[in-house]
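Shown here: model-v9.txt, compact mmCIF, C-alpha atoms.
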```
# COMPACT_ATOMS: atom_id res chain seq x y z
CA MET A 297 0.00 0.00 0.00
CA THR A 298 1.91 3.12 1.10
CA ARG A 299 3.95 4.77 3.78
CA GLN A 300 0.77 6.59 4.87
CA LEU A 301 -0.77 3.23 5.61
CA GLU A 302 2.32 2.20 7.53
CA ASP A 303 2.04 5.29 9.70
CA THR A 304 -1.57 4.57 10.61
CA ALA A 305 -1.60 0.78 10.60
CA SER A 306 -0.03 0.29 14.00
CA PRO A 307 -3.32 -0.05 15.92
CA ALA A 308 -4.76 -2.71 13.65
CA GLY A 309 -3.23 -3.50 10.40
CA ALA A 310 -4.04 -4.00 4.70
CA SER A 311 -6.18 -4.31 -1.69
CA SER A 312 -8.63 -5.80 -9.54
CA THR A 313 -10.37 -7.75 -11.81
CA GLY A 314 -9.22 -11.17 -12.96
CA ALA A 315 -9.19 -14.71 -11.70
CA SER A 316 -7.87 -15.46 -8.25
CA ARG A 317 -4.48 -17.13 -8.00
CA ILE A 318 -4.30 -17.45 -4.23
CA GLY A 319 -4.86 -21.19 -4.33
CA ALA A 320 -3.15 -21.87 -7.63
CA GLY A 321 0.24 -22.80 -6.19
CA ALA A 322 1.91 -19.97 -8.10
CA LEU A 323 4.55 -19.59 -5.40
CA ALA A 324 6.84 -22.39 -4.30
CA GLY A 325 6.08 -23.70 -0.83
CA ILE A 326 2.74 -21.97 -0.46
CA ASP A 327 -0.16 -23.83 1.12
CA ARG A 328 -2.74 -24.86 -1.45
CA ARG A 329 -6.22 -23.48 -0.73
CA SER A 330 -9.45 -23.53 -2.62
CA ALA A 331 -10.47 -20.15 -3.99
CA ILE A 332 -13.43 -20.15 -1.62
CA ASP A 333 -11.25 -20.82 1.43
CA ALA A 334 -8.88 -18.07 0.28
CA VAL A 335 -11.69 -15.51 0.23
CA ARG A 336 -12.91 -16.73 3.62
CA LEU A 337 -9.40 -16.26 5.00
CA ARG A 338 -8.99 -12.76 3.59
CA ILE A 339 -12.30 -11.51 4.95
CA GLY A 340 -11.82 -13.31 8.25
CA MET A 341 -8.36 -11.83 8.76
CA ALA A 342 -9.66 -8.35 7.98
CA ILE A 343 -12.26 -8.82 10.72
CA SER A 344 -9.72 -10.25 13.18
CA LEU A 345 -7.37 -7.32 12.58
CA GLY A 346 -10.13 -4.76 13.05
CA LEU A 347 -10.03 -3.60 9.44
CA LEU A 348 -13.66 -4.63 9.02
CA LYS A 349 -15.70 -3.58 12.04
CA PRO A 350 -18.67 -5.34 13.71
CA GLY A 351 -21.84 -4.26 11.95
CA GLU A 352 -19.97 -2.91 8.92
CA ARG A 353 -21.71 -3.51 5.60
CA LEU A 354 -19.68 -5.32 2.95
CA PRO A 355 -19.92 -4.20 -0.67
CA ASP A 356 -22.42 -6.00 -2.88
CA GLN A 357 -21.50 -9.56 -3.76
CA GLU A 358 -20.37 -8.66 -7.28
CA ASP A 359 -18.19 -5.88 -5.91
CA VAL A 360 -16.65 -8.22 -3.33
CA ALA A 361 -15.69 -10.49 -6.23
CA LEU A 362 -14.13 -7.62 -8.19
CA GLY A 363 -12.38 -6.18 -5.14
CA LEU A 364 -10.83 -9.52 -4.22
CA SER A 365 -10.04 -10.60 -7.79
CA VAL A 366 -12.23 -13.69 -7.76
CA SER A 367 -15.24 -14.93 -9.70
CA PRO A 368 -18.76 -13.97 -8.55
CA ILE A 369 -19.60 -17.59 -7.74
CA THR A 370 -16.49 -17.88 -5.55
CA ALA A 371 -17.44 -14.72 -3.66
CA ARG A 372 -21.02 -15.91 -3.26
CA ARG A 373 -20.03 -19.30 -1.87
CA ALA A 374 -17.40 -17.82 0.45
CA LEU A 375 -19.89 -15.30 1.88
CA ALA A 376 -22.50 -18.02 2.27
CA SER A 377 -20.00 -20.15 4.19
CA LEU A 378 -19.06 -17.24 6.46
CA ALA A 379 -22.75 -16.54 7.05
CA ASP A 380 -23.36 -20.18 7.99
CA GLN A 381 -20.58 -19.88 10.57
CA GLY A 382 -21.89 -16.62 11.99
CA VAL A 383 -18.96 -14.48 10.86
CA VAL A 384 -21.22 -12.33 8.69
CA VAL A 385 -24.99 -11.89 8.66
CA ARG A 386 -27.33 -11.28 5.76
CA ARG A 387 -30.26 -8.92 5.99
CA ARG A 388 -33.09 -8.46 3.53
CA GLY A 389 -34.87 -5.31 2.45
CA ARG A 390 -33.86 -1.90 1.16
CA ALA A 391 -31.24 -1.47 3.88
CA GLY A 392 -30.17 -5.10 3.63
CA GLY A 393 -26.95 -6.72 2.50
CA THR A 394 -24.09 -8.62 4.09
CA PHE A 395 -22.72 -7.26 7.37
CA VAL A 396 -19.92 -8.24 9.73
CA ALA A 397 -21.54 -9.97 12.69
CA ASP A 398 -21.68 -8.02 15.94
CA GLU A 399 -19.81 -10.83 17.68
CA PRO A 400 -18.11 -13.11 15.14
CA PRO A 401 -17.18 -16.50 16.65
CA ARG A 402 -13.62 -16.24 17.90
CA GLN A 403 -12.90 -19.90 17.21
CA VAL A 404 -13.85 -19.53 13.56
CA LEU A 405 -11.77 -16.38 13.16
CA ALA A 406 -8.82 -18.12 14.80
CA GLU A 407 -8.96 -20.75 12.08
CA LEU A 408 -8.90 -18.12 9.33
CA THR A 409 -5.19 -17.35 9.62
CA ALA A 410 -2.41 -17.39 7.05
CA SER A 411 0.24 -20.03 7.57
CA PRO A 412 3.91 -19.08 8.07
CA ALA A 413 4.67 -20.56 4.64
CA GLU A 414 2.08 -18.29 3.03
CA SER A 415 3.43 -15.23 4.80
CA GLN A 416 6.99 -16.00 3.73
CA ALA A 417 5.92 -16.65 0.16
CA VAL A 418 4.00 -13.38 -0.08
CA ASN A 419 6.99 -11.49 1.32
CA ARG A 420 9.06 -12.95 -1.52
CA LEU A 421 6.36 -11.91 -3.98
CA VAL A 422 6.47 -8.35 -2.62
CA ASP A 423 10.23 -8.33 -3.23
CA ARG A 424 9.68 -9.54 -6.78
CA ARG A 425 7.16 -6.81 -7.42
CA LEU A 426 9.52 -4.24 -5.90
CA LEU A 427 12.15 -5.00 -8.52
CA PHE A 428 9.62 -4.85 -11.35
CA GLU A 429 7.99 -1.69 -10.02
CA CYS A 430 11.23 0.26 -9.99
CA ALA A 431 12.03 -0.85 -13.55
CA VAL A 432 8.65 -0.07 -15.09
CA THR A 433 8.46 3.26 -13.27
CA HIS A 434 11.89 4.27 -14.57
CA TYR A 435 10.85 3.68 -18.17
CA ALA A 436 7.34 5.09 -17.69
CA ALA A 437 8.99 8.38 -16.69
CA VAL A 438 10.77 8.30 -20.04
CA ASN A 439 8.13 6.80 -22.33
CA ALA A 440 4.64 7.59 -20.97
CA THR A 441 2.41 9.41 -23.45
CA ALA A 442 0.26 12.40 -22.58
CA GLU A 443 -2.84 10.23 -23.00
CA GLN A 444 -1.50 7.62 -20.58
CA LEU A 445 -0.62 10.29 -18.03
CA ASP A 446 -4.11 11.76 -18.32
CA GLU A 447 -5.62 8.31 -17.74
CA LEU A 448 -3.39 7.74 -14.70
CA GLU A 449 -4.57 11.05 -13.30
CA ARG A 450 -8.19 10.08 -13.93
CA LEU A 451 -7.65 6.85 -12.00
CA THR A 452 -6.25 8.78 -9.04
CA ARG A 453 -9.45 10.82 -9.02
CA ASN A 454 -11.50 7.62 -9.12
CA MET A 455 -9.59 6.29 -6.13
CA ALA A 456 -10.08 9.56 -4.27
CA ALA A 457 -13.83 9.33 -4.92
CA SER A 458 -14.14 5.64 -3.98
CA THR A 459 -16.43 4.97 -1.04
CA ASP A 460 -15.36 1.38 -0.32
CA TRP A 461 -12.31 -0.84 -0.58
CA SER A 462 -13.64 -2.77 -3.57
CA ALA A 463 -13.97 0.23 -5.89
CA TYR A 464 -10.60 1.53 -4.72
CA HIS A 465 -8.79 -1.74 -5.36
CA GLN A 466 -10.20 -2.02 -8.86
CA ALA A 467 -8.92 1.44 -9.79
CA ASP A 468 -5.63 0.75 -8.00
CA GLU A 469 -4.95 -2.33 -10.10
CA GLN A 470 -5.79 -0.48 -13.32
CA PHE A 471 -3.41 2.30 -12.27
CA HIS A 472 -0.43 0.03 -11.74
CA GLN A 473 -1.17 -2.00 -14.86
CA LEU A 474 -1.11 1.22 -16.86
CA VAL A 475 2.19 2.31 -15.34
CA GLY A 476 3.58 -1.00 -16.58
CA THR A 477 2.13 -0.52 -20.05
CA ALA A 478 3.42 3.07 -20.19
CA SER A 479 6.96 1.79 -19.64
CA GLY A 480 7.02 0.36 -23.16
CA LEU A 481 9.13 -2.59 -22.00
CA GLY A 482 7.49 -5.06 -24.37
CA SER A 483 7.09 -8.64 -23.20
CA ALA A 484 8.53 -7.79 -19.78
CA VAL A 485 5.33 -5.83 -19.09
CA GLY A 486 3.36 -9.07 -19.24
CA ILE A 487 5.57 -10.59 -16.54
CA TYR A 488 5.06 -7.50 -14.39
CA HIS A 489 1.29 -7.73 -14.85
CA GLU A 490 1.38 -11.40 -13.84
CA THR A 491 3.28 -10.51 -10.67
CA LEU A 492 0.72 -7.81 -9.91
CA ALA A 493 -2.13 -10.27 -10.33
CA GLU A 494 -0.46 -12.79 -8.03
CA LEU A 495 0.05 -10.18 -5.34
CA TYR A 496 -3.42 -8.65 -5.63
CA ALA A 497 -4.79 -12.10 -4.89
CA TYR A 498 -3.53 -11.68 -1.31
CA PHE A 499 -4.84 -8.23 -0.46
CA ILE A 500 -7.44 -8.02 2.28
CA PRO A 501 -10.07 -5.30 2.78
CA TYR A 502 -8.67 -2.10 4.24
CA PRO A 503 -10.53 0.95 5.64
CA ILE A 504 -11.29 3.38 2.86
CA GLU A 505 -9.93 6.32 4.88
CA LEU A 506 -6.46 4.78 4.86
CA LEU A 507 -6.73 3.80 1.22
CA HIS A 508 -7.46 7.44 0.40
CA LYS A 509 -4.21 8.36 2.14
CA SER A 510 -2.47 5.66 0.11
CA ASN A 511 -3.68 7.41 -3.02
CA CYS A 512 -1.39 10.35 -2.21
CA ASP A 513 1.49 8.23 -3.50
CA HIS A 514 -0.33 7.73 -6.79
CA VAL A 515 -0.88 11.47 -7.17
CA ALA A 516 2.78 12.18 -6.42
CA LEU A 517 3.87 9.49 -8.88
CA VAL A 518 1.81 10.95 -11.72
CA ALA A 519 3.35 14.37 -11.04
CA ALA A 520 6.86 12.89 -11.18
CA LEU A 521 6.06 11.01 -14.39
CA ARG A 522 4.71 14.19 -16.00
CA ALA A 523 7.90 15.99 -15.06
CA GLY A 524 10.03 13.17 -16.45
CA ASP A 525 11.75 12.97 -13.06
CA VAL A 526 13.04 9.40 -13.14
CA GLN A 527 14.74 9.47 -9.73
CA ASP A 528 11.75 10.88 -7.86
CA ALA A 529 9.28 8.59 -9.63
CA VAL A 530 11.31 5.46 -8.85
CA GLU A 531 11.72 6.44 -5.20
CA ILE A 532 7.97 7.01 -4.82
CA SER A 533 7.26 3.59 -6.33
CA ARG A 534 9.94 1.88 -4.25
CA LYS A 535 8.48 3.16 -0.98
CA HIS A 536 4.93 2.47 -2.17
CA VAL A 537 5.70 -1.22 -2.68
CA ASP A 538 8.27 -1.77 0.08
CA VAL A 539 5.74 -0.85 2.77
CA LEU A 540 3.66 -3.87 1.76
CA HIS A 541 6.01 -5.94 3.91
CA ARG A 542 4.41 -4.21 6.91
CA THR A 543 0.87 -3.48 5.74
CA MET A 544 -0.18 -6.70 4.03
CA PHE A 545 -1.61 -9.46 6.16
CA MET A 546 1.66 -11.33 6.67
CA GLY A 547 3.15 -8.26 8.32
CA LEU A 548 0.08 -7.30 10.27
CA ALA A 549 -0.50 -10.78 11.66
CA ASP A 550 3.07 -10.85 12.96
CA GLY A 551 2.87 -7.40 14.49
CA GLY A 552 5.07 -6.03 11.71
CA ALA A 553 3.09 -2.81 11.35
CA ALA A 554 3.76 -1.78 14.92
CA ALA A 555 7.43 -2.56 14.48
CA GLY A 556 7.62 0.05 11.72
```

Rewrite the coordinates I just gave you, this time as structure tokens.
Amino acid sequence: MTRQLEDTASPAGASSTGASRIGAGALAGIDRRSAIDAVRLRIGMAISLGLLKPGERLPDQEDVALGLSVSPITARRALASLADQGVVVRRRGRAGGTFVADEPPRQVLAELTASPAESQAVNRLVDRRLLFECAVTHYAAVNATAEQLDELERLTRNMAASTDWSAYHQADEQFHQLVGTASGLGSAVGIYHETLAELYAYFIPYPIELLHKSNCDHVALVAALRAGDVQDAVEISRKHVDVLHRTMFMGLADGGAAAG
């Protein structure tokens, strides 16, 4: 996410279309999970960490799917399973929807925890993205077109206007994909996009207020790209990605956010 998230994550702890890869064994040594169990884990951990509050309304089912990079049927089955276990509740009517239970069962939440192998694997994936991010940002500062820069700026406005984590994450993924495309690095861009997709499959819901602060990095990055300032742009991207070690779930679960 960003250094703003790091600054405010200490009390609790972290974000898009496409198929989920969380259970696809894309990383060596990672525990294999079904896509449904992966969504259950991500929502459950967000609740355990206080990122999703008791009584908080989740986005609509389709938006949950888009925000977590999974299919609608996967999201539907995962939410149904969590509802059966009392982690979330469903209410009908105009003010209805899916809400975090007032008192989610602690035993169930305790079972929805990432394994050490998963945490280590995602840390390695963050490092891989860090290398790619610096490279694509360098060349985007040199090669980005005016149209691409305008679109990046539009996406920052979309993120600023987002009212929930799902809408934000969708715009966030489009933003970083476009930075990669703007680099003009040919086939290497596809590898970068694959790494992005793998990492996005591990993001958990984050409070929209903190995501809005995260968007400040995006705004600063667009300004640096417009100025053709390679050094500043790369440094913004480096910090933006490096902080994921402390604001994604593997850092939060281990108390990494508080450690700084």

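Comparing the minimum interatomic distances between Ser365 (chain A) and each of A:Gly524, A:Pro350, A:Gly480, A:Pro501, counting all atoms listed in the file, we find that A:Pro501 sits nearest.
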
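Proximity to Val396 (chain A) was assessed for A:Lys349, A:Arg522, A:Arg425, A:His434 counting only C-alpha atoms; the smallest distance is recorded for A:Lys349.
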
A:Val485, A:Val366, A:Val404, A:Val422 ranked by distance to Met544 (chain A), top pick (using all atoms listed in the file)
A:Val422

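Checking A:Ala519, A:Leu348, A:Ala437, A:Phe428 one by one against Pro400 (chain A), counting only C-alpha atoms, you find the shortest gap at A:Leu348.
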
Residues of region 430-476 of chain A that have any atom at most 12 Å from an atom of region 495-498 of chain A: could you tabulate them with the shortest-distance atom pair and the distance in Å to one decimal, using only C-alpha atoms, ordered by chain and increasing number, as a tab-separated table?
```
residue	atom	partner	partner_atom	distance
A:Ser462	CA	A:Tyr496	CA	12.0
A:His465	CA	A:Tyr496	CA	8.8
A:Gln466	CA	A:Tyr496	CA	10.0
A:Asp468	CA	A:Tyr496	CA	9.9
A:Glu469	CA	A:Tyr496	CA	7.9
A:Gln470	CA	A:Tyr496	CA	11.5
A:His472	CA	A:Tyr496	CA	11.0
A:Gln473	CA	A:Tyr496	CA	11.6
```

State, in Å with one decimal place, the distance from CA of Ala406 (chain A) to CA of Gln381 (chain A).
12.6 Å

For a test of reading the model, state the distance in Å between CA of Leu337 (chain A) and CA of Thr409 (chain A), rounded to one decimal.
6.3 Å

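The interatomic distance for the pair CA of Arg388 (chain A) and CA of Trp461 (chain A) works out to 22.5 Å.
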
Of the candidates A:Asn419, A:Thr543, A:Ser479, A:Gln357, which shows the shortest atom-to-atom distance to Leu445 (chain A), using only C-alpha atoms?
A:Ser479

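Compared by their closest atoms to Asp359 (chain A), and using all atoms listed in the file, the residues A:Arg534, A:Arg542, A:Arg372, A:His514 rank with A:Arg372 nearest.
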
I'd like the neighbourhood of Gln403 (chain A) as a ChimeraX atom specification, where a residue qualifies if any of its atoms comes within 12 Å (using only C-alpha atoms), though same-chain residues fewer than 5 positions away should be ignored.
/A:340,344,381-383,408-409

Please list as a PyMOL selection string every residue within 8 Å of region 526-531 of chain A, counting all atoms listed in the file and excluding residues in the same chain fewer than 5 positions away.
chain A and resi 429-431+433-435+437-438+517+520-521

Restricting the output to C-alpha atoms, write the selected residues as a PDB file, in the coordinates of the input.
```
ATOM      1  CA  GLU A 429       7.990  -1.690 -10.020  1.00  0.00           C
ATOM      2  CA  CYS A 430      11.230   0.260  -9.990  1.00  0.00           C
ATOM      3  CA  ALA A 431      12.030  -0.850 -13.550  1.00  0.00           C
ATOM      4  CA  THR A 433       8.460   3.260 -13.270  1.00  0.00           C
ATOM      5  CA  HIS A 434      11.890   4.270 -14.570  1.00  0.00           C
ATOM      6  CA  TYR A 435      10.850   3.680 -18.170  1.00  0.00           C
ATOM      7  CA  ALA A 437       8.990   8.380 -16.690  1.00  0.00           C
ATOM      8  CA  VAL A 438      10.770   8.300 -20.040  1.00  0.00           C
ATOM      9  CA  LEU A 517       3.870   9.490  -8.880  1.00  0.00           C
ATOM     10  CA  ALA A 520       6.860  12.890 -11.180  1.00  0.00           C
ATOM     11  CA  LEU A 521       6.060  11.010 -14.390  1.00  0.00           C
TER      12      LEU A 521
END
```

Region 362-370 of chain A: axis-aligned bounding box, 6 Å on each side, centre and edge lengths in Å, one decimal, as lines of an AutoDock Vina configuration file:
```
center_x = -14.8
center_y = -12.0
center_z = -7.0
size_x = 21.6
size_y = 23.7
size_z = 17.5
```

All residues 9 Å or closer to Ala463 (chain A), all atoms listed in the file, same chain fewer than 5 positions away omitted, as a PyMOL selection string:
chain A and resi 312+359+362-363+454-455+458+468

Since the input has fewer atoms than a full residue there, write region 389-417 of chain A out with N, CA and C atoms, as a PDB file, in the frame of the given file.
```
ATOM      1  N   GLY A 389     -34.235  -6.614   2.476  1.00  0.00           N
ATOM      2  CA  GLY A 389     -34.870  -5.310   2.450  1.00  0.00           C
ATOM      3  C   GLY A 389     -33.992  -4.236   1.845  1.00  0.00           C
ATOM      4  N   ARG A 390     -34.545  -3.016   1.789  1.00  0.00           N
ATOM      5  CA  ARG A 390     -33.860  -1.900   1.160  1.00  0.00           C
ATOM      6  C   ARG A 390     -32.529  -1.589   1.838  1.00  0.00           C
ATOM      7  N   ALA A 391     -32.475  -1.745   3.137  1.00  0.00           N
ATOM      8  CA  ALA A 391     -31.240  -1.470   3.880  1.00  0.00           C
ATOM      9  C   ALA A 391     -30.464  -2.764   4.157  1.00  0.00           C
ATOM     10  N   GLY A 392     -30.793  -3.808   3.393  1.00  0.00           N
ATOM     11  CA  GLY A 392     -30.170  -5.100   3.630  1.00  0.00           C
ATOM     12  C   GLY A 392     -28.793  -5.224   2.989  1.00  0.00           C
ATOM     13  N   GLY A 393     -28.269  -6.424   3.028  1.00  0.00           N
ATOM     14  CA  GLY A 393     -26.950  -6.720   2.500  1.00  0.00           C
ATOM     15  C   GLY A 393     -26.215  -7.684   3.403  1.00  0.00           C
ATOM     16  N   THR A 394     -24.924  -7.747   3.259  1.00  0.00           N
ATOM     17  CA  THR A 394     -24.090  -8.620   4.090  1.00  0.00           C
ATOM     18  C   THR A 394     -23.277  -7.749   5.040  1.00  0.00           C
ATOM     19  N   PHE A 395     -23.355  -8.068   6.335  1.00  0.00           N
ATOM     20  CA  PHE A 395     -22.720  -7.260   7.370  1.00  0.00           C
ATOM     21  C   PHE A 395     -21.812  -8.131   8.227  1.00  0.00           C
ATOM     22  N   VAL A 396     -20.744  -7.539   8.744  1.00  0.00           N
ATOM     23  CA  VAL A 396     -19.920  -8.240   9.730  1.00  0.00           C
ATOM     24  C   VAL A 396     -20.776  -8.456  10.977  1.00  0.00           C
ATOM     25  N   ALA A 397     -20.753  -9.660  11.506  1.00  0.00           N
ATOM     26  CA  ALA A 397     -21.540  -9.970  12.690  1.00  0.00           C
ATOM     27  C   ALA A 397     -21.099  -9.107  13.871  1.00  0.00           C
ATOM     28  N   ASP A 398     -22.024  -8.822  14.759  1.00  0.00           N
ATOM     29  CA  ASP A 398     -21.680  -8.020  15.940  1.00  0.00           C
ATOM     30  C   ASP A 398     -20.651  -8.720  16.813  1.00  0.00           C
ATOM     31  N   GLU A 399     -20.763 -10.050  16.888  1.00  0.00           N
ATOM     32  CA  GLU A 399     -19.810 -10.830  17.680  1.00  0.00           C
ATOM     33  C   GLU A 399     -19.425 -12.080  16.893  1.00  0.00           C
ATOM     34  N   PRO A 400     -18.527 -11.943  15.917  1.00  0.00           N
ATOM     35  CA  PRO A 400     -18.110 -13.110  15.140  1.00  0.00           C
ATOM     36  C   PRO A 400     -17.473 -14.169  16.042  1.00  0.00           C
ATOM     37  N   PRO A 401     -17.756 -15.438  15.809  1.00  0.00           N
ATOM     38  CA  PRO A 401     -17.180 -16.500  16.650  1.00  0.00           C
ATOM     39  C   PRO A 401     -15.654 -16.468  16.650  1.00  0.00           C
ATOM     40  N   ARG A 402     -15.073 -16.347  17.817  1.00  0.00           N
ATOM     41  CA  ARG A 402     -13.620 -16.240  17.900  1.00  0.00           C
ATOM     42  C   ARG A 402     -12.930 -17.501  17.389  1.00  0.00           C
ATOM     43  N   GLN A 403     -13.526 -18.651  17.639  1.00  0.00           N
ATOM     44  CA  GLN A 403     -12.900 -19.900  17.210  1.00  0.00           C
ATOM     45  C   GLN A 403     -12.809 -19.969  15.683  1.00  0.00           C
ATOM     46  N   VAL A 404     -13.858 -19.519  15.021  1.00  0.00           N
ATOM     47  CA  VAL A 404     -13.850 -19.530  13.560  1.00  0.00           C
ATOM     48  C   VAL A 404     -12.799 -18.554  13.030  1.00  0.00           C
ATOM     49  N   LEU A 405     -12.760 -17.357  13.603  1.00  0.00           N
ATOM     50  CA  LEU A 405     -11.770 -16.380  13.160  1.00  0.00           C
ATOM     51  C   LEU A 405     -10.345 -16.878  13.398  1.00  0.00           C
ATOM     52  N   ALA A 406     -10.156 -17.596  14.491  1.00  0.00           N
ATOM     53  CA  ALA A 406      -8.820 -18.120  14.800  1.00  0.00           C
ATOM     54  C   ALA A 406      -8.357 -19.115  13.741  1.00  0.00           C
ATOM     55  N   GLU A 407      -9.313 -19.789  13.117  1.00  0.00           N
ATOM     56  CA  GLU A 407      -8.960 -20.750  12.080  1.00  0.00           C
ATOM     57  C   GLU A 407      -8.660 -20.083  10.748  1.00  0.00           C
ATOM     58  N   LEU A 408      -9.111 -18.849  10.578  1.00  0.00           N
ATOM     59  CA  LEU A 408      -8.900 -18.120   9.330  1.00  0.00           C
ATOM     60  C   LEU A 408      -7.620 -17.294   9.436  1.00  0.00           C
ATOM     61  N   THR A 409      -6.496 -17.982   9.430  1.00  0.00           N
ATOM     62  CA  THR A 409      -5.190 -17.350   9.620  1.00  0.00           C
ATOM     63  C   THR A 409      -4.216 -17.865   8.570  1.00  0.00           C
ATOM     64  N   ALA A 410      -3.419 -16.987   8.032  1.00  0.00           N
ATOM     65  CA  ALA A 410      -2.410 -17.390   7.050  1.00  0.00           C
ATOM     66  C   ALA A 410      -1.316 -18.198   7.725  1.00  0.00           C
ATOM     67  N   SER A 411      -0.841 -19.208   7.024  1.00  0.00           N
ATOM     68  CA  SER A 411       0.240 -20.030   7.570  1.00  0.00           C
ATOM     69  C   SER A 411       1.571 -19.292   7.436  1.00  0.00           C
ATOM     70  N   PRO A 412       2.577 -19.688   8.223  1.00  0.00           N
ATOM     71  CA  PRO A 412       3.910 -19.080   8.070  1.00  0.00           C
ATOM     72  C   PRO A 412       4.448 -19.225   6.653  1.00  0.00           C
ATOM     73  N   ALA A 413       4.178 -20.365   6.005  1.00  0.00           N
ATOM     74  CA  ALA A 413       4.670 -20.560   4.640  1.00  0.00           C
ATOM     75  C   ALA A 413       4.034 -19.549   3.687  1.00  0.00           C
ATOM     76  N   GLU A 414       2.745 -19.279   3.875  1.00  0.00           N
ATOM     77  CA  GLU A 414       2.080 -18.290   3.030  1.00  0.00           C
ATOM     78  C   GLU A 414       2.660 -16.895   3.249  1.00  0.00           C
ATOM     79  N   SER A 415       2.875 -16.545   4.507  1.00  0.00           N
ATOM     80  CA  SER A 415       3.430 -15.230   4.800  1.00  0.00           C
ATOM     81  C   SER A 415       4.817 -15.056   4.194  1.00  0.00           C
ATOM     82  N   GLN A 416       5.647 -16.082   4.300  1.00  0.00           N
ATOM     83  CA  GLN A 416       6.990 -16.000   3.730  1.00  0.00           C
ATOM     84  C   GLN A 416       6.941 -15.904   2.216  1.00  0.00           C
ATOM     85  N   ALA A 417       6.029 -16.671   1.612  1.00  0.00           N
ATOM     86  CA  ALA A 417       5.920 -16.650   0.160  1.00  0.00           C
ATOM     87  C   ALA A 417       5.445 -15.299  -0.346  1.00  0.00           C
TER      88      ALA A 417
END
```
